[in-house]
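Structure file upload-v3.cif (mmCIF, C-alpha atoms) is printed below.
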data_final
loop_
_atom_site.label_atom_id
_atom_site.label_comp_id
_atom_site.auth_asym_id
_atom_site.auth_seq_id
_atom_site.Cartn_x
_atom_site.Cartn_y
_atom_site.Cartn_z
CA MET A 801 0.00 0.00 0.00
CA PHE A 802 1.22 3.42 -0.93
CA GLU A 803 2.45 5.71 1.85
CA ALA A 804 1.77 9.37 1.27
CA PRO A 805 4.91 11.53 1.33
CA ASP A 806 5.01 13.85 4.32
CA ALA A 807 4.20 16.88 2.26
CA LEU A 808 0.80 15.36 1.55
CA CYS A 809 -0.22 14.97 5.12
CA ASP A 810 -1.82 18.31 5.66
CA ASP A 811 -2.44 17.58 9.31
CA SER A 812 -5.02 20.23 10.02
CA LEU A 813 -7.34 18.25 7.80
CA GLU A 814 -6.53 14.78 9.05
CA ALA A 815 -8.62 13.33 11.79
CA PRO A 816 -6.74 10.76 13.92
CA VAL A 817 -7.54 7.60 12.01
CA ALA A 818 -10.46 7.07 9.68
CA PRO A 819 -12.60 4.09 10.55
CA ALA A 820 -11.53 1.11 8.50
CA ARG A 821 -15.08 0.75 7.30
CA VAL A 822 -18.19 2.82 7.17
CA SER A 823 -19.30 3.22 10.76
CA GLU A 824 -22.10 0.95 11.80
CA GLY A 825 -25.46 2.14 12.91
CA THR A 826 -25.47 5.40 10.97
CA SER A 827 -28.87 5.94 9.50
CA SER A 828 -27.54 6.52 6.01
CA CYS A 829 -25.36 3.43 6.11
CA ARG A 830 -26.89 0.88 3.81
CA GLU A 831 -27.63 -2.60 5.05
CA SER A 832 -25.74 -4.28 2.22
CA ASP A 833 -22.61 -2.17 2.88
CA ARG A 834 -22.57 -3.25 6.50
CA VAL A 835 -22.94 -6.93 5.92
CA THR A 836 -19.81 -7.39 3.86
CA GLY A 837 -18.02 -4.15 4.65
CA GLU A 838 -14.75 -5.92 5.33
CA ALA A 839 -14.66 -7.48 1.86
CA TYR A 840 -14.60 -4.06 0.20
CA SER A 841 -11.30 -2.49 -0.75
CA GLU A 842 -10.18 0.56 1.24
CA THR A 843 -10.84 2.97 -1.59
CA THR A 844 -14.41 1.65 -2.01
CA VAL A 845 -15.09 2.08 1.71
CA TRP A 846 -13.74 5.66 1.58
CA MET A 847 -15.74 6.50 -1.53
CA LEU A 848 -18.98 5.12 -0.02
CA ALA A 849 -18.36 7.20 3.11
CA VAL A 850 -17.96 10.27 0.89
CA ARG A 851 -21.08 9.40 -1.07
CA ASP A 852 -23.33 8.52 1.85
CA GLN A 853 -21.99 10.61 4.73
CA ARG A 854 -20.09 13.41 2.90
CA ASP A 855 -17.17 12.24 5.05
CA LYS A 856 -14.28 14.68 4.60
CA VAL A 857 -11.79 12.47 6.41
CA ALA A 858 -12.48 9.67 3.96
CA PHE A 859 -12.24 12.19 1.12
CA GLY A 860 -8.82 13.26 2.44
CA ARG A 861 -7.70 9.64 2.22
CA LEU A 862 -8.94 9.36 -1.35
CA PHE A 863 -6.98 12.51 -2.12
CA ASP A 864 -3.82 11.13 -0.51
CA HIS A 865 -4.13 7.98 -2.58
CA PHE A 866 -5.22 9.34 -5.95
CA ALA A 867 -3.86 12.90 -6.25
CA PRO A 868 -0.18 11.84 -6.59
CA ARG A 869 -1.14 9.17 -9.12
CA LEU A 870 -3.37 11.50 -11.12
CA LYS A 871 -0.54 14.03 -11.19
CA GLY A 872 1.79 11.34 -12.54
CA VAL A 873 -0.65 10.40 -15.31
CA ILE A 874 -1.36 14.02 -16.26
CA CYS A 875 2.36 14.92 -16.29
CA ARG A 876 2.95 12.10 -18.79
CA SER A 877 1.10 14.18 -21.36
CA GLY A 878 3.80 16.84 -21.01
CA LEU A 879 1.93 19.39 -18.92
CA PRO A 880 3.98 21.53 -16.54
CA PRO A 881 3.49 20.46 -12.88
CA ALA A 882 1.53 23.56 -11.84
CA GLN A 883 -1.02 23.10 -14.59
CA ALA A 884 -1.17 19.36 -13.85
CA GLU A 885 -2.01 20.15 -10.24
CA ASP A 886 -4.81 22.50 -11.30
CA ILE A 887 -6.33 19.57 -13.18
CA VAL A 888 -5.81 17.22 -10.22
CA GLN A 889 -7.68 19.72 -8.03
CA ASP A 890 -10.49 19.98 -10.56
CA VAL A 891 -10.78 16.18 -10.87
CA MET A 892 -10.91 15.65 -7.10
CA LEU A 893 -13.48 18.44 -6.74
CA THR A 894 -15.59 16.68 -9.38
CA VAL A 895 -15.23 13.41 -7.44
CA TRP A 896 -16.59 15.19 -4.35
CA ARG A 897 -19.45 16.86 -6.20
CA LYS A 898 -20.49 13.84 -8.25
CA ALA A 899 -20.08 11.30 -5.46
CA HIS A 900 -23.83 10.57 -5.54
CA MET A 901 -23.30 9.08 -9.03
CA PHE A 902 -20.78 6.52 -7.79
CA ASP A 903 -22.10 2.97 -8.14
CA PRO A 904 -19.63 0.36 -6.81
CA GLY A 905 -21.51 -2.41 -8.64
CA ARG A 906 -20.67 -0.86 -12.00
CA ALA A 907 -17.25 0.71 -11.51
CA GLN A 908 -14.34 0.47 -9.15
CA VAL A 909 -13.29 3.77 -7.57
CA SER A 910 -10.12 3.79 -9.70
CA ALA A 911 -12.12 3.24 -12.91
CA TRP A 912 -14.64 5.91 -11.96
CA ILE A 913 -11.91 8.45 -11.20
CA TYR A 914 -10.00 7.47 -14.38
CA GLN A 915 -13.06 8.34 -16.44
CA ILE A 916 -13.68 11.62 -14.59
CA ALA A 917 -10.01 12.55 -15.08
CA ARG A 918 -10.23 11.91 -18.83
CA ASN A 919 -13.38 14.02 -19.14
CA ARG A 920 -12.01 16.93 -17.12
CA GLN A 921 -8.62 16.85 -18.85
CA ILE A 922 -10.28 17.15 -22.26
CA ASP A 923 -12.82 19.75 -21.17
CA ILE A 924 -10.09 21.92 -19.66
CA LEU A 925 -7.22 21.45 -22.13
CA ARG A 926 -9.22 21.44 -25.35
CA LYS A 927 -11.75 23.92 -23.99
CA GLU A 928 -14.60 21.84 -25.34
CA LYS A 929 -17.26 19.71 -23.79
CA ARG A 930 -16.42 16.06 -24.33
CA PRO A 931 -19.45 14.08 -25.60
CA VAL A 932 -20.39 11.55 -22.91
CA PRO A 933 -22.93 8.70 -22.97
CA GLU A 934 -26.32 9.04 -21.31
CA GLU A 935 -26.31 8.25 -17.64
CA LEU A 936 -28.12 5.10 -16.64
CA LYS A 937 -30.81 5.79 -14.12
CA PRO A 938 -30.78 3.24 -11.31
CA VAL A 939 -34.04 1.44 -10.68
CA GLU A 940 -35.84 3.07 -7.76
CA ASP A 941 -35.16 1.75 -4.28
CA THR A 942 -32.25 -0.49 -5.20
CA GLU A 943 -29.28 -0.60 -2.90
CA ASP A 944 -25.73 -1.55 -3.67
CA ASP A 945 -25.75 -5.27 -4.19
CA ALA A 946 -22.83 -6.34 -2.01
CA SER A 947 -22.22 -9.59 -3.88
CA GLN A 948 -21.96 -7.72 -7.18
CA VAL A 949 -19.63 -5.13 -5.67
CA VAL A 950 -17.37 -7.89 -4.36
CA ALA A 951 -17.54 -9.80 -7.66
CA LEU A 952 -16.42 -6.67 -9.52
CA GLU A 953 -13.56 -6.14 -7.08
CA GLN A 954 -12.43 -9.73 -7.56
CA GLU A 955 -12.64 -9.35 -11.33
CA THR A 956 -10.51 -6.23 -11.14
CA GLN A 957 -7.95 -8.08 -9.02
CA ALA A 958 -7.76 -10.74 -11.71
CA LEU A 959 -7.29 -8.01 -14.32
CA ARG A 960 -4.43 -6.55 -12.28
CA ALA A 961 -2.84 -9.97 -11.98
CA ALA A 962 -3.05 -10.34 -15.76
CA LEU A 963 -1.42 -6.90 -16.15
CA LYS A 964 1.47 -8.05 -13.98
CA THR A 965 2.24 -10.93 -16.35
CA LEU A 966 3.02 -8.54 -19.22
CA LYS A 967 6.58 -8.03 -20.35
CA PRO A 968 7.85 -4.46 -19.77
CA ALA A 969 7.54 -3.51 -23.45
CA GLN A 970 3.97 -4.84 -23.56
CA ARG A 971 3.08 -3.12 -20.34
CA ASP A 972 4.44 0.11 -21.79
CA MET A 973 2.25 -0.29 -24.87
CA VAL A 974 -0.87 -0.88 -22.75
CA GLU A 975 -0.09 2.14 -20.59
CA ARG A 976 0.39 4.33 -23.61
CA ALA A 977 -2.91 3.15 -25.10
CA TYR A 978 -4.97 3.65 -21.93
CA LEU A 979 -3.25 6.72 -20.57
CA GLY A 980 -3.80 8.56 -23.80
CA GLU A 981 -0.57 8.52 -25.78
CA LEU A 982 -1.50 6.27 -28.69
CA THR A 983 -3.86 7.19 -31.49
CA HIS A 984 -6.55 4.71 -32.47
CA ALA A 985 -4.59 3.87 -35.64
CA GLU A 986 -1.53 3.01 -33.57
CA ILE A 987 -3.64 0.93 -31.20
CA LYS A 988 -5.18 -0.85 -34.18
CA ALA A 989 -1.74 -1.58 -35.60
CA GLU A 990 -0.62 -3.04 -32.28
CA THR A 991 -3.84 -4.82 -31.30
CA GLY A 992 -3.68 -8.47 -30.43
CA LEU A 993 -0.09 -8.52 -29.32
CA PRO A 994 0.16 -7.84 -25.60
CA LEU A 995 -3.57 -7.48 -25.18
CA GLY A 996 -4.26 -11.21 -25.43
CA THR A 997 -4.44 -12.10 -21.73
CA ILE A 998 -5.89 -8.75 -20.88
CA LYS A 999 -8.65 -9.13 -23.42
CA SER A 1000 -9.91 -12.41 -21.96
CA ARG A 1001 -9.99 -10.72 -18.56
CA ILE A 1002 -11.86 -7.78 -19.99
CA ARG A 1003 -14.37 -10.16 -21.55
CA LEU A 1004 -14.97 -11.87 -18.21
CA GLY A 1005 -15.38 -8.50 -16.57
CA LEU A 1006 -17.87 -7.34 -19.10
CA GLU A 1007 -20.05 -10.40 -18.59
CA LYS A 1008 -20.58 -9.21 -15.05
CA LEU A 1009 -21.03 -5.62 -16.08
CA ARG A 1010 -23.63 -6.58 -18.64
CA HIS A 1011 -25.51 -8.55 -16.02
CA GLU A 1012 -25.39 -5.48 -13.84
CA LEU A 1013 -26.74 -3.27 -16.63
CA LYS A 1014 -29.87 -5.40 -16.85
CA GLY A 1015 -30.82 -4.06 -13.44
CA THR A 1016 -30.80 -0.47 -14.61
CA GLU A 1017 -32.85 1.43 -17.09
CA ARG A 1018 -32.49 4.54 -19.10
CA LYS A 1019 -34.07 7.84 -18.20
CA MET B 960 -31.74 -1.65 -27.26
CA THR B 961 -31.93 -4.95 -29.06
CA GLY B 962 -31.14 -5.65 -32.69
CA ILE B 963 -27.82 -3.80 -32.83
CA THR B 964 -25.40 -5.93 -34.82
CA HIS B 965 -22.65 -3.47 -35.80
CA HIS B 966 -20.72 -2.25 -32.76
CA ILE B 967 -17.82 0.07 -31.93
CA PRO B 968 -14.50 -1.83 -32.36
CA ASP B 969 -12.29 -2.20 -29.28
CA GLU B 970 -9.50 0.05 -30.52
CA LEU B 971 -12.00 2.91 -30.85
CA LEU B 972 -13.48 2.21 -27.40
CA ILE B 973 -9.97 2.26 -25.91
CA ALA B 974 -9.14 5.48 -27.73
CA TYR B 975 -12.40 7.01 -26.46
CA ALA B 976 -11.77 5.84 -22.88
CA ALA B 977 -8.24 7.26 -23.07
CA GLY B 978 -9.48 10.60 -24.42
CA ASN B 979 -7.68 10.07 -27.72
CA LEU B 980 -10.56 10.45 -30.16
CA THR B 981 -11.51 13.65 -31.92
CA LYS B 982 -14.67 15.36 -30.73
CA ALA B 983 -16.50 14.21 -33.88
CA PHE B 984 -15.75 10.50 -33.33
CA SER B 985 -16.33 10.84 -29.59
CA LEU B 986 -19.86 12.01 -30.30
CA VAL B 987 -20.61 8.86 -32.33
CA VAL B 988 -19.11 6.62 -29.63
CA ALA B 989 -21.08 8.41 -26.88
CA ALA B 990 -24.30 8.19 -28.93
CA HIS B 991 -23.83 4.47 -29.63
CA VAL B 992 -22.94 3.62 -26.02
CA SER B 993 -26.11 5.48 -24.97
CA MET B 994 -28.12 2.95 -26.99
CA CYS B 995 -26.02 -0.22 -26.69
CA ASP B 996 -25.63 -2.03 -23.37
CA GLU B 997 -23.01 -4.34 -24.81
CA CYS B 998 -20.68 -1.49 -25.78
CA ARG B 999 -21.44 0.27 -22.48
CA ALA B 1000 -20.22 -2.85 -20.68
CA ARG B 1001 -17.14 -3.13 -22.90
CA LEU B 1002 -16.34 0.53 -22.32
CA GLY B 1003 -16.78 -0.09 -18.57
CA ALA B 1004 -14.29 -2.95 -18.78
CA HIS B 1005 -11.74 -0.76 -20.60
CA GLU B 1006 -12.23 1.94 -17.97
CA ALA B 1007 -11.62 -0.70 -15.30
CA LEU B 1008 -8.28 -1.39 -16.96
CA GLY B 1009 -7.52 2.32 -17.18
CA GLY B 1010 -8.36 2.61 -13.49
CA ALA B 1011 -6.06 -0.30 -12.62
CA LEU B 1012 -3.22 1.43 -14.49
CA LEU B 1013 -3.97 4.70 -12.68
CA ASP B 1014 -3.89 2.85 -9.36
CA ASP B 1015 -0.52 1.31 -10.26
CA MET B 1016 1.08 4.61 -11.25
CA PRO B 1017 4.08 5.65 -9.18
CA ALA B 1018 3.08 8.57 -6.95
CA THR B 1019 4.30 12.00 -8.00
CA GLU B 1020 4.54 14.32 -5.03
CA VAL B 1021 1.97 17.10 -5.06
CA SER B 1022 2.69 20.52 -3.58
CA SER B 1023 1.82 21.01 0.05
CA GLY B 1024 -0.89 23.60 -0.51
CA LEU B 1025 -2.95 21.58 -2.98
CA LYS B 1026 -4.98 19.63 -0.45
CA GLY B 1027 -5.81 22.76 1.53
CA ARG B 1028 -6.92 24.64 -1.58
CA LEU B 1029 -9.11 21.69 -2.54
CA PHE B 1030 -10.73 21.42 0.88
CA ASP B 1031 -11.40 25.18 0.90
CA ALA B 1032 -13.39 24.71 -2.30
CA LEU B 1033 -15.49 21.73 -1.18
CA ASP B 1034 -18.34 23.79 0.19
CA ASP B 1035 -18.39 26.38 -2.59
CA PRO B 1036 -21.75 26.73 -4.30
CA VAL B 1037 -21.94 24.78 -7.56
CA ALA B 1038 -23.55 26.09 -10.72
CA ILE B 1039 -26.18 23.67 -11.96
CA GLU B 1040 -25.16 22.04 -15.21
CA GLN B 1041 -27.70 22.32 -17.97
CA ARG B 1042 -28.01 18.91 -19.62
CA HIS B 1043 -30.21 17.89 -22.51
CA ASP B 1044 -32.03 14.57 -22.30
CA ARG B 1045 -32.73 12.09 -25.06
CA ALA B 1046 -35.58 13.27 -27.30
CA GLY B 1047 -37.27 11.14 -29.95
CA ILE B 1048 -34.67 9.40 -32.08
CA PHE B 1049 -31.80 11.49 -30.69
CA PRO B 1050 -29.84 10.12 -27.70
CA ALA B 1051 -28.68 12.65 -25.08
CA PRO B 1052 -25.19 13.35 -26.50
CA VAL B 1053 -26.74 14.23 -29.88
CA MET B 1054 -29.32 16.47 -28.16
CA GLU B 1055 -26.37 18.15 -26.41
CA ALA B 1056 -24.75 18.80 -29.79
CA LEU B 1057 -28.09 20.14 -31.07
CA GLY B 1058 -28.33 22.46 -28.08
CA GLY B 1059 -31.67 20.86 -27.20
CA LEU B 1060 -33.30 22.05 -30.43
CA PRO B 1061 -34.63 20.07 -33.43
CA PRO B 1062 -32.18 19.81 -36.37
CA LYS B 1063 -32.01 22.67 -38.89
CA TRP B 1064 -31.65 20.78 -42.17
CA LYS B 1065 -29.89 22.14 -45.26
CA PRO B 1066 -30.79 20.54 -48.61
CA LEU B 1067 -28.00 18.74 -50.48
CA GLY B 1068 -30.12 17.85 -53.52
CA LEU B 1069 -32.23 14.80 -54.43
CA GLY B 1070 -34.05 15.06 -51.12
CA VAL B 1071 -30.86 14.48 -49.13
CA ARG B 1072 -30.39 16.92 -46.25
CA GLN B 1073 -27.72 17.52 -43.67
CA MET B 1074 -26.98 19.52 -40.57
CA ILE B 1075 -23.35 20.00 -39.56
CA LEU B 1076 -23.07 19.65 -35.79
CA ASP B 1077 -19.38 20.36 -35.45
CA HIS B 1078 -16.58 21.11 -37.86
CA ASP B 1079 -12.93 21.90 -37.29
CA ARG B 1080 -9.49 20.91 -38.58
CA SER B 1081 -9.64 17.56 -36.77
CA GLY B 1082 -12.81 16.51 -38.57
CA SER B 1083 -16.54 17.00 -38.71
CA VAL B 1084 -19.75 15.42 -37.53
CA ARG B 1085 -23.15 15.87 -39.11
CA LEU B 1086 -26.69 14.57 -39.21
CA LEU B 1087 -27.73 13.19 -42.61
CA TYR B 1088 -31.31 12.76 -43.80
CA ILE B 1089 -31.72 10.37 -46.74
CA PRO B 1090 -35.22 9.73 -48.14
CA GLY B 1091 -36.27 6.05 -48.32
CA GLY B 1092 -34.85 4.34 -51.39
CA GLN B 1093 -32.41 7.18 -52.05
CA GLY B 1094 -28.62 6.75 -52.30
CA VAL B 1095 -25.82 8.90 -51.01
CA PRO B 1096 -23.34 9.67 -53.84
CA ASP B 1097 -20.57 7.09 -54.19
CA HIS B 1098 -17.69 8.25 -52.06
CA GLY B 1099 -14.41 7.09 -50.61
CA HIS B 1100 -12.66 8.45 -47.55
CA ASN B 1101 -9.33 10.01 -46.93
CA GLY B 1102 -9.46 8.82 -43.36
CA LEU B 1103 -11.95 7.17 -41.06
CA GLU B 1104 -15.72 7.59 -41.28
CA LEU B 1105 -18.17 6.44 -38.59
CA THR B 1106 -21.86 6.38 -39.50
CA MET B 1107 -24.52 5.55 -36.95
CA VAL B 1108 -28.17 5.03 -37.87
CA LEU B 1109 -30.73 6.91 -35.75
CA GLN B 1110 -33.83 6.19 -37.84
CA GLY B 1111 -34.61 3.83 -40.72
CA ALA B 1112 -31.82 1.74 -42.23
CA PHE B 1113 -29.31 1.72 -45.07
CA ARG B 1114 -27.44 -0.92 -47.02
CA ASP B 1115 -24.17 -0.84 -48.83
CA GLU B 1116 -21.52 -3.24 -50.12
CA THR B 1117 -20.72 -4.35 -46.56
CA GLY B 1118 -24.20 -5.11 -45.21
CA ARG B 1119 -27.37 -3.72 -43.64
CA PHE B 1120 -27.32 -1.07 -40.94
CA GLY B 1121 -30.37 -0.45 -38.75
CA VAL B 1122 -31.07 1.80 -35.76
CA GLY B 1123 -28.09 1.91 -33.40
CA ASP B 1124 -25.70 0.20 -35.83
CA VAL B 1125 -22.38 1.87 -36.60
CA GLU B 1126 -20.52 1.46 -39.87
CA VAL B 1127 -16.76 1.89 -39.56
CA ALA B 1128 -15.30 2.82 -42.95
CA ASP B 1129 -11.60 3.36 -43.35
CA GLY B 1130 -9.70 4.91 -46.22
CA ASP B 1131 -9.97 1.80 -48.39
CA LEU B 1132 -13.73 1.55 -48.60
CA GLU B 1133 -15.48 3.04 -51.62
CA HIS B 1134 -19.14 2.57 -50.90
CA GLU B 1135 -22.56 3.67 -51.97
CA PRO B 1136 -25.00 3.56 -49.08
CA ILE B 1137 -28.68 3.37 -50.08
CA ALA B 1138 -31.50 4.09 -47.63
CA GLU B 1139 -34.06 1.29 -47.33
CA ASP B 1140 -37.52 1.94 -48.66
CA GLY B 1141 -39.85 3.36 -46.05
CA PRO B 1142 -39.21 6.20 -43.63
CA ALA B 1143 -36.20 8.41 -44.26
CA CYS B 1144 -32.87 7.17 -42.96
CA ILE B 1145 -31.35 9.59 -40.45
CA CYS B 1146 -27.68 9.07 -39.57
CA LEU B 1147 -25.00 10.60 -37.42
CA ALA B 1148 -21.80 10.64 -39.48
CA ALA B 1149 -18.30 11.64 -38.40
CA THR B 1150 -15.15 11.93 -40.49
CA ASP B 1151 -11.58 12.91 -39.77
CA ALA B 1152 -10.98 14.19 -43.28
CA SER B 1153 -13.16 15.46 -46.11
CA LEU B 1154 -14.99 12.81 -48.07
CA ARG B 1155 -13.93 12.66 -51.70
CA PHE B 1156 -16.77 12.12 -54.11
CA ARG B 1157 -16.04 10.32 -57.31
CA SER B 1158 -18.41 12.16 -59.57
CA PHE B 1159 -17.43 15.61 -60.73
CA VAL B 1160 -20.19 17.90 -59.53
CA PRO B 1161 -20.31 16.77 -55.90
CA ARG B 1162 -16.54 17.33 -55.72
CA LEU B 1163 -17.03 20.96 -56.74
CA LEU B 1164 -19.69 21.27 -54.09
CA GLN B 1165 -17.54 19.76 -51.37
CA PRO B 1166 -16.08 23.03 -50.08
CA ILE B 1167 -19.50 24.63 -50.18
CA PHE B 1168 -21.32 21.90 -48.30
CA ARG B 1169 -18.30 20.94 -46.21
CA ILE B 1170 -19.06 17.27 -46.77
#
As structure tokens - that is how I would like this structure written.
Amino acid sequence: MFEAPDALCDDSLEAPVAPARVSEGTSSCRESDRVTGEAYSETTVWMLAVRDQRDKVAFGRLFDHFAPRLKGVICRSGLPPAQAEDIVQDVMLTVWRKAHMFDPGRAQVSAWIYQIARNRQIDILRKEKRPVPEELKPVEDTEDDASQVVALEQETQALRAALKTLKPAQRDMVERAYLGELTHAEIKAETGLPLGTIKSRIRLGLEKLRHELKGTERK
Amino acid sequence: MTGITHHIPDELLIAYAAGNLTKAFSLVVAAHVSMCDECRARLGAHEALGGALLDDMPATEVSSGLKGRLFDALDDPVAIEQRHDRAGIFPAPVMEALGGLPPKWKPLGLGVRQMILDHDRSGSVRLLYIPGGQGVPDHGHNGLELTMVLQGAFRDETGRFGVGDVEVADGDLEHEPIAEDGPACICLAATDASLRFRSFVPRLLQPIFRI
């Protein structure tokens, strides 16, 4: 687990230690979250606390984890550090403001933040509104289905394991494709090569996602 | 939406997820994903991979004041975003591009009409209206062309395309799409370079109609 450099620990904002899981007995804490709380990853627990309790301590932990990584990704595109940090701030502010849209059954925190970061980066740098798909409207009165959340987390773990089996050159290619440094023509030219294992993992993951989508309907 | 048989290829979904597509192509991808659960799931899977890579990134130290500035802004009032919902045959991203208004068609001759939604040096995206039974002049492409059907259907050398289907045509394809008999075929079409028409007159008109 990543340890935040000292400079990150802006102590005035840190409460002693955030609860390892969403505190029990809070009225807004959902039944399904409580039952299997310990099976959720740390970032999911923090994000749910932000979503359901507007928990600033948990948000601080998300910042400590993601801000230095987001900065790394954004700097790869050649932006000067100060401008990269402006985008990091904007992305994290969007995470806070759109927390109610977070659905752990459909996206891991990292995937959700990845997509927000891409949208904000384009909106800000290209000064245009990036076309985004319609939001799915959750069926009324559904709660997070804990088994689906856990299944998605396990699937993502398997995906990470598959990523780790890549040779460095392949890994580099995948990073360049997903972190925005390859054009679609270049991806097309390279497709198939290192993506083999990854693709089968993606296919497994999408089976679950598709199942999940059946439980939602469009506005 | 059932019945969609022509989907967005993976390399385009990856490029969209990574923010590497032009605005014109992004609009077609966003419109298709709005109507296609399968591609929504595949995009979600690619975003999961992007997220895993983000999570694995080495941390780059951020300046000490950043967190404080962020927390100071958390309680700021937020302007409400004006969003346009799906209306009729147009999914939400297309309604966004239309500014929430019905299309303003310009005639191209022979009953064919278009409305350019966006046009810049990186490419263009337009709505096309083709009366039933009518063809679009034979054309090839300098680059990539994505055409998504919003109403009706068309056929060309490569197959039949109905509502929600996307045809991906690269520089090699010379094709002559013909709208099926019945209601007009309405498409969302994006290119990254001007189409080149093979017959003489449409070529002269190209700069005028920006097609």
Could you give me, as a tab-separated table, a per-residue list for segment 1006-1120 of chain B showing, wherever an atom lies at most 12 Å from an atom of segment 960-970 of chain B, the closest pair of atoms and their distance in Å to one decimal, using all atoms listed in the file and sorting by chain then residue number from low to high?
residue	atom	partner	partner_atom	distance
B:Pro1050	CA	B:Met960	CA	11.9
B:Leu1105	CA	B:Ile967	CA	9.2
B:Thr1106	CA	B:His965	CA	10.6
B:Met1107	CA	B:His965	CA	9.3
B:Val1108	CA	B:Ile963	CA	10.2
B:Leu1109	CA	B:Ile963	CA	11.5
B:Ala1112	CA	B:Ile963	CA	11.6
B:Thr1117	CA	B:His965	CA	11.0
B:Gly1118	CA	B:His965	CA	9.7
B:Arg1119	CA	B:His965	CA	9.2
B:Phe1120	CA	B:His965	CA	7.3
What would the selection look like, as a PDB file with C-alpha atoms, in the frame of the given file, if the PyMOL selection byres ((chain B and resi 1141) around 12) were run on the coordinates I just shared?
ATOM      1  CA  ILE B1089     -31.720  10.370 -46.740  1.00  0.00           C
ATOM      2  CA  PRO B1090     -35.220   9.730 -48.140  1.00  0.00           C
ATOM      3  CA  GLY B1091     -36.270   6.050 -48.320  1.00  0.00           C
ATOM      4  CA  GLY B1092     -34.850   4.340 -51.390  1.00  0.00           C
ATOM      5  CA  GLN B1093     -32.410   7.180 -52.050  1.00  0.00           C
ATOM      6  CA  GLN B1110     -33.830   6.190 -37.840  1.00  0.00           C
ATOM      7  CA  GLY B1111     -34.610   3.830 -40.720  1.00  0.00           C
ATOM      8  CA  ALA B1112     -31.820   1.740 -42.230  1.00  0.00           C
ATOM      9  CA  PHE B1113     -29.310   1.720 -45.070  1.00  0.00           C
ATOM     10  CA  ILE B1137     -28.680   3.370 -50.080  1.00  0.00           C
ATOM     11  CA  ALA B1138     -31.500   4.090 -47.630  1.00  0.00           C
ATOM     12  CA  GLU B1139     -34.060   1.290 -47.330  1.00  0.00           C
ATOM     13  CA  ASP B1140     -37.520   1.940 -48.660  1.00  0.00           C
ATOM     14  CA  PRO B1142     -39.210   6.200 -43.630  1.00  0.00           C
ATOM     15  CA  ALA B1143     -36.200   8.410 -44.260  1.00  0.00           C
ATOM     16  CA  CYS B1144     -32.870   7.170 -42.960  1.00  0.00           C
ATOM     17  CA  ILE B1145     -31.350   9.590 -40.450  1.00  0.00           C
TER      18      ILE B1145
END
What does the structure give for the distance between atom CA of Ala1149 of chain B and atom CA of Gly1121 of chain B, in Å to one decimal?
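One can read the atom CA of Ala1149 of chain B to atom CA of Gly1121 of chain B distance as 17.1 Å.
This file, filtered with the PyMOL selection byres ((chain B and resi 1033-1043) around 9), gives the residues Leu893, Trp896 and Arg897 of chain A; Leu1029, Phe1030, Asp1031, Ala1032, Asp1044, Arg1045, Ala1046, Ala1051, Pro1052, Val1053, Met1054, Glu1055, Gly1058 and Gly1059 of chain B.
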- Task: Give me the result of the PyMOL selection byres ((chain A and resi 889) around 10) on this file, residue by residue, as a list in words.
- Result: Phe863, Ala867, Leu870, Lys871, Gln883, Ala884, Glu885, Asp886, Ile887, Val888, Asp890, Val891, Met892, Leu893, Thr894 and Val895 of chain A; Leu1025, Lys1026, Arg1028, Leu1029, Phe1030 and Ala1032 of chain B
Would you mind exporting C-alpha atoms of the selected residues as a PDB file, keeping the file's coordinate frame?
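Result went into selection21.pdb, see below:
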ATOM      1  CA  PHE A 863      -6.980  12.510  -2.120  1.00  0.00           C
ATOM      2  CA  ALA A 867      -3.860  12.900  -6.250  1.00  0.00           C
ATOM      3  CA  LEU A 870      -3.370  11.500 -11.120  1.00  0.00           C
ATOM      4  CA  LYS A 871      -0.540  14.030 -11.190  1.00  0.00           C
ATOM      5  CA  GLN A 883      -1.020  23.100 -14.590  1.00  0.00           C
ATOM      6  CA  ALA A 884      -1.170  19.360 -13.850  1.00  0.00           C
ATOM      7  CA  GLU A 885      -2.010  20.150 -10.240  1.00  0.00           C
ATOM      8  CA  ASP A 886      -4.810  22.500 -11.300  1.00  0.00           C
ATOM      9  CA  ILE A 887      -6.330  19.570 -13.180  1.00  0.00           C
ATOM     10  CA  VAL A 888      -5.810  17.220 -10.220  1.00  0.00           C
ATOM     11  CA  ASP A 890     -10.490  19.980 -10.560  1.00  0.00           C
ATOM     12  CA  VAL A 891     -10.780  16.180 -10.870  1.00  0.00           C
ATOM     13  CA  MET A 892     -10.910  15.650  -7.100  1.00  0.00           C
ATOM     14  CA  LEU A 893     -13.480  18.440  -6.740  1.00  0.00           C
ATOM     15  CA  THR A 894     -15.590  16.680  -9.380  1.00  0.00           C
ATOM     16  CA  VAL A 895     -15.230  13.410  -7.440  1.00  0.00           C
TER      17      VAL A 895
ATOM     18  CA  LEU B1025      -2.950  21.580  -2.980  1.00  0.00           C
ATOM     19  CA  LYS B1026      -4.980  19.630  -0.450  1.00  0.00           C
ATOM     20  CA  ARG B1028      -6.920  24.640  -1.580  1.00  0.00           C
ATOM     21  CA  LEU B1029      -9.110  21.690  -2.540  1.00  0.00           C
ATOM     22  CA  PHE B1030     -10.730  21.420   0.880  1.00  0.00           C
ATOM     23  CA  ALA B1032     -13.390  24.710  -2.300  1.00  0.00           C
TER      24      ALA B1032
END
Computed gap from atom CA of Thr844 of chain A to atom CA of Lys967 of chain A is 29.5 Å
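Across the structure, atom CA of Pro904 of chain A and atom CA of Lys937 of chain A are spaced 14.4 Å apart.
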Open item on the list: When you look at Ala977 of chain B with a cut-off of 9 Å (counting all atoms listed in the file), what residues show up, excluding the ones that are within fewer than 5 positions of it in the same chain? I need them as an MDAnalysis selection string.
Closed with: (chainID A and resid 914:915 918 977:982) or (chainID B and resid 972 1006 1009)
